[in-house]
Amino acid sequence: MDTDTVRSPVGDEAAERRREQRGWYVYDWACSVYSTSVLTVFLGPYLTSVAEAAADADGFVHPLGIPVRAGSFFAYSVSLSVIVAVLVMPLVGAAADRTGRKKPLLAAAAYTGAAATAGMFFLGGERYLLGGVLLIVANAAQSVAMMLYNSYLPQIAPPGERDAVSSRGWAFGYAAGALVLVANLVLYTGHEGFGVSEGMAVRICLASAGLWWGAFAVVPLRRLRDRRAPAREAALPGFRQLAATVRDMRRHPLTLAFLLAYLVYNDGIQTVISQASVYGSEELGLEQSTLIVAVLLVQILAVAGALALGRLARRYGAKRTILGSLVAWTLTLAAGYFLPAGAPGWFFVLAAGIGLVLGGSQALSRSLFSHLVPPGKEAEYFSAYEVSDRGMSWLGPLLFGLTYQLTGSYRDAIISLVGFFVLGFALLARVPVRRAIADAGNPVPERI
């Protein structure tokens, strides 16, 4: 018999797993452009300007008859999108686990978000209300899609591969964000040469993110597979389902302990991301162009950081590597406190430090949590993880704002965030992850 024609079932399984993993990476490549170009750079200032154009003499707009200051409309829309996502994610997560049909739900969420983002092309004139609705839909859909996307990780990667697979996914996302942001900035800064107005350039940048998202989402939807799920009870509505998930998690207190640690230090991470530009513009007096270049630098170096920390995790374990990244976050913030005003070079150094630890700390947190999820409840548990990621990050901005209000110094405000990383380090260090993985009913990797 010709042995070359004999295919090993183990080899076939490994090849299929690699194929799914490559498709999984591409979803991060598809959707991360929305987070970078739309949320981080272009939509906030543009939607605010549209709302201001529609405002009355006192500076208020009136969606559904409610007086809202035009400058707050974007922030309120983001907050409302989080509430919608918190209501929908547990319901969709439980349905995905109950039916085993994650892929149709992922497709629905991804293309709803992509269509809403592409529709932002029409945000001209005074259409602030359309912008708010599209933002709420796109942001909530992105949260639901990411929850489903994350829940595939335990199914497509065995325990020993999970850190590397998660890190590559984050790297793909940051690489796409950087690539498209470069193209966006070329169009935006040179819009006159392209024969379009500044507003039209922004609308093209917003819509292109939706088209990119929808086009590349085809790849993971073709490659990822649904798994048959055991029969389970029907999902409950909204917050009741989230409460039921949390009650179930109480049977796995070590999983909850990790989620608490993640909630704390991730709150610090999200606050640094959202407030770094405010610190740069208000405290350091830097130009908008400098801040955009810093965002691009973070995206580029986050690719290297995610891959580098993934390699460190293979040698030292995910938990130790995350703890090390929290130390690096603390040192980066401490250095940021002493940055001189009007010195873009030093701000770029700070951005580089953030980029190098950002992707890795997020990627490894996702992969470590995947080990703590009971089999068959991946989407349900990742809905709680995504809620903590997107829906509970309010304490950091509150502390940042209160510190500035009391001291009048953004330097004091930025250094106040160190507490989140110190407390998160202490909470994570106390979690016995090997026992937590075993208690969840999963095999314990050799190095974790």
# chains A, B, ... in the order shown; residues from 1 in each chain; ligands from 1
>>> residues_around(residues="stretch 50-61 of chain A", least_positions_apart="2", cutoff="9 Å", atoms="only C-alpha atoms", output="list in words")
Pro45, Tyr46, Leu47, Thr48, Pro63, Gly65, Ile66, Pro67, Val68, Arg69, Ala70, Gly71, Phe73, Phe74, Leu123, Gly124, Gly125, Glu126, Arg127, Tyr128, Leu129 and Gly131 of chain A
>>> residues_around(residues="A:Val41", least_positions_apart="5", cutoff="12 Å", atoms="only C-alpha atoms", output="short mmCIF file (atom, residue, chain, number, x, y, z; two decimals) with C-alpha atoms, in the first residue's frame")
data_model
loop_
_atom_site.label_atom_id
_atom_site.label_comp_id
_atom_site.auth_asym_id
_atom_site.auth_seq_id
_atom_site.Cartn_x
_atom_site.Cartn_y
_atom_site.Cartn_z
CA VAL A 33 -10.90 48.68 11.99
CA TYR A 34 -14.23 49.79 13.49
CA SER A 35 -12.69 50.22 16.95
CA THR A 36 -9.64 52.09 15.64
CA TYR A 46 -17.42 64.39 13.69
CA LEU A 47 -20.71 63.37 15.34
CA GLY A 177 -6.32 48.85 12.43
CA ALA A 178 -2.93 50.38 11.66
CA VAL A 180 -6.57 51.20 7.43
CA LEU A 181 -5.80 54.12 9.73
CA VAL A 182 -2.80 55.00 7.56
CA ASN A 184 -7.66 57.07 6.33
CA LEU A 185 -5.08 59.64 7.44
CA TYR A 188 -8.13 63.01 5.63
CA VAL A 202 -14.42 61.69 7.33
CA CYS A 205 -13.32 56.90 6.33
CA LEU A 206 -16.29 55.89 8.50
CA ALA A 209 -14.55 50.69 8.01
CA ILE A 273 -6.88 54.18 26.26
CA SER A 274 -9.79 56.62 26.45
CA SER A 277 -5.49 61.76 24.23
CA GLN A 288 -4.34 66.74 17.14
CA SER A 289 -2.01 65.44 14.43
CA LEU A 291 -2.25 62.48 18.97
CA ILE A 292 -3.39 60.67 15.80
CA VAL A 293 0.18 59.61 15.03
CA ALA A 294 0.45 58.35 18.63
CA VAL A 295 -2.70 56.25 18.12
CA LEU A 296 -1.14 54.79 14.97
#
>>> closest_residue(among="A:Thr403, A:Thr271, A:Gln155, A:Asn150", to="A:Phe382", atoms="only C-alpha atoms")
A:Asn150
>>> closest_residue(among="A:Val422, A:Glu380, A:Phe400, A:Leu307", to="A:Phe172", atoms="only C-alpha atoms")
A:Leu307
>>> closest_residue(among="A:Leu254, A:Leu43, A:Ala306, A:Leu356", to="A:Ala207", atoms="only C-alpha atoms")
A:Leu43
>>> residues_around(residues="A:Tyr381", least_positions_apart="6", cutoff="10 Å", atoms="only C-alpha atoms", output="list in words")
Pro90, Gly93, Ala94, Asp97, Met147, Ser151, Leu242, Thr245, Val246, Asp248, Met249, Thr255, Phe369, Ser370, Leu372, Val373, Pro374 and Val387 of chain A
>>> residues_around(residues="A:Asn139", least_positions_apart="6", cutoff="8 Å", atoms="only C-alpha atoms", output="list of chain:residue names")
A:Val78, A:Ser81, A:Val82, A:Ala85, A:Gly113
>>> residues_around(residues="A:Gly342", least_positions_apart="5", cutoff="9 Å", atoms="only C-alpha atoms", output="PyMOL selection string")
chain A and resi 284-286
>>> atom_distance(atom1="atom CA of A:Phe420", atom2="atom CA of A:Asp267")
7.1 Å
>>> closest_residue(among="A:Leu135, A:Ile269, A:Leu211, A:Cys31", to="A:Thr330", atoms="only C-alpha atoms")
A:Ile269
>>> select_by_dssp(residues="stretch 72-321 of chain A", states="helix (DSSP H, G or I)", output="PyMOL selection string")
chain A and resi 72-99+102-122+128-151+153-156+159-189+198-216+218-223+238-249+253-283+288-316+318-321
>>> atom_distance(atom1="atom CA of A:Val264", atom2="atom CA of A:Gln21")
29.6 Å
>>> closest_residue(among="A:Ala140, A:Ser197, A:Pro397, A:Leu326", to="A:Ser77", atoms="only C-alpha atoms")
A:Ala140
>>> atom_distance(atom1="atom CA of A:Leu350", atom2="atom CA of A:Tyr174")
17.7 Å
>>> residues_around(residues="A:Arg225", least_positions_apart="6", cutoff="9 Å", atoms="only C-alpha atoms", output="list in words")
Glu20, Arg101, Lys102 and Lys103 of chain A
>>> write_last_selection(atoms="C-alpha atoms", output="tab-separated table (two decimals), in the first residue's frame")
chain	number	residue	atom	x	y	z
A	20	GLU	CA	-10.41	27.27	11.57
A	101	ARG	CA	-25.30	27.48	16.17
A	102	LYS	CA	-22.88	30.29	16.85
A	103	LYS	CA	-22.05	31.01	13.23
>>> closest_residue(among="A:Val418, A:Leu402, A:Ala171, A:Leu263", to="A:Gly305", atoms="only C-alpha atoms")
A:Ala171
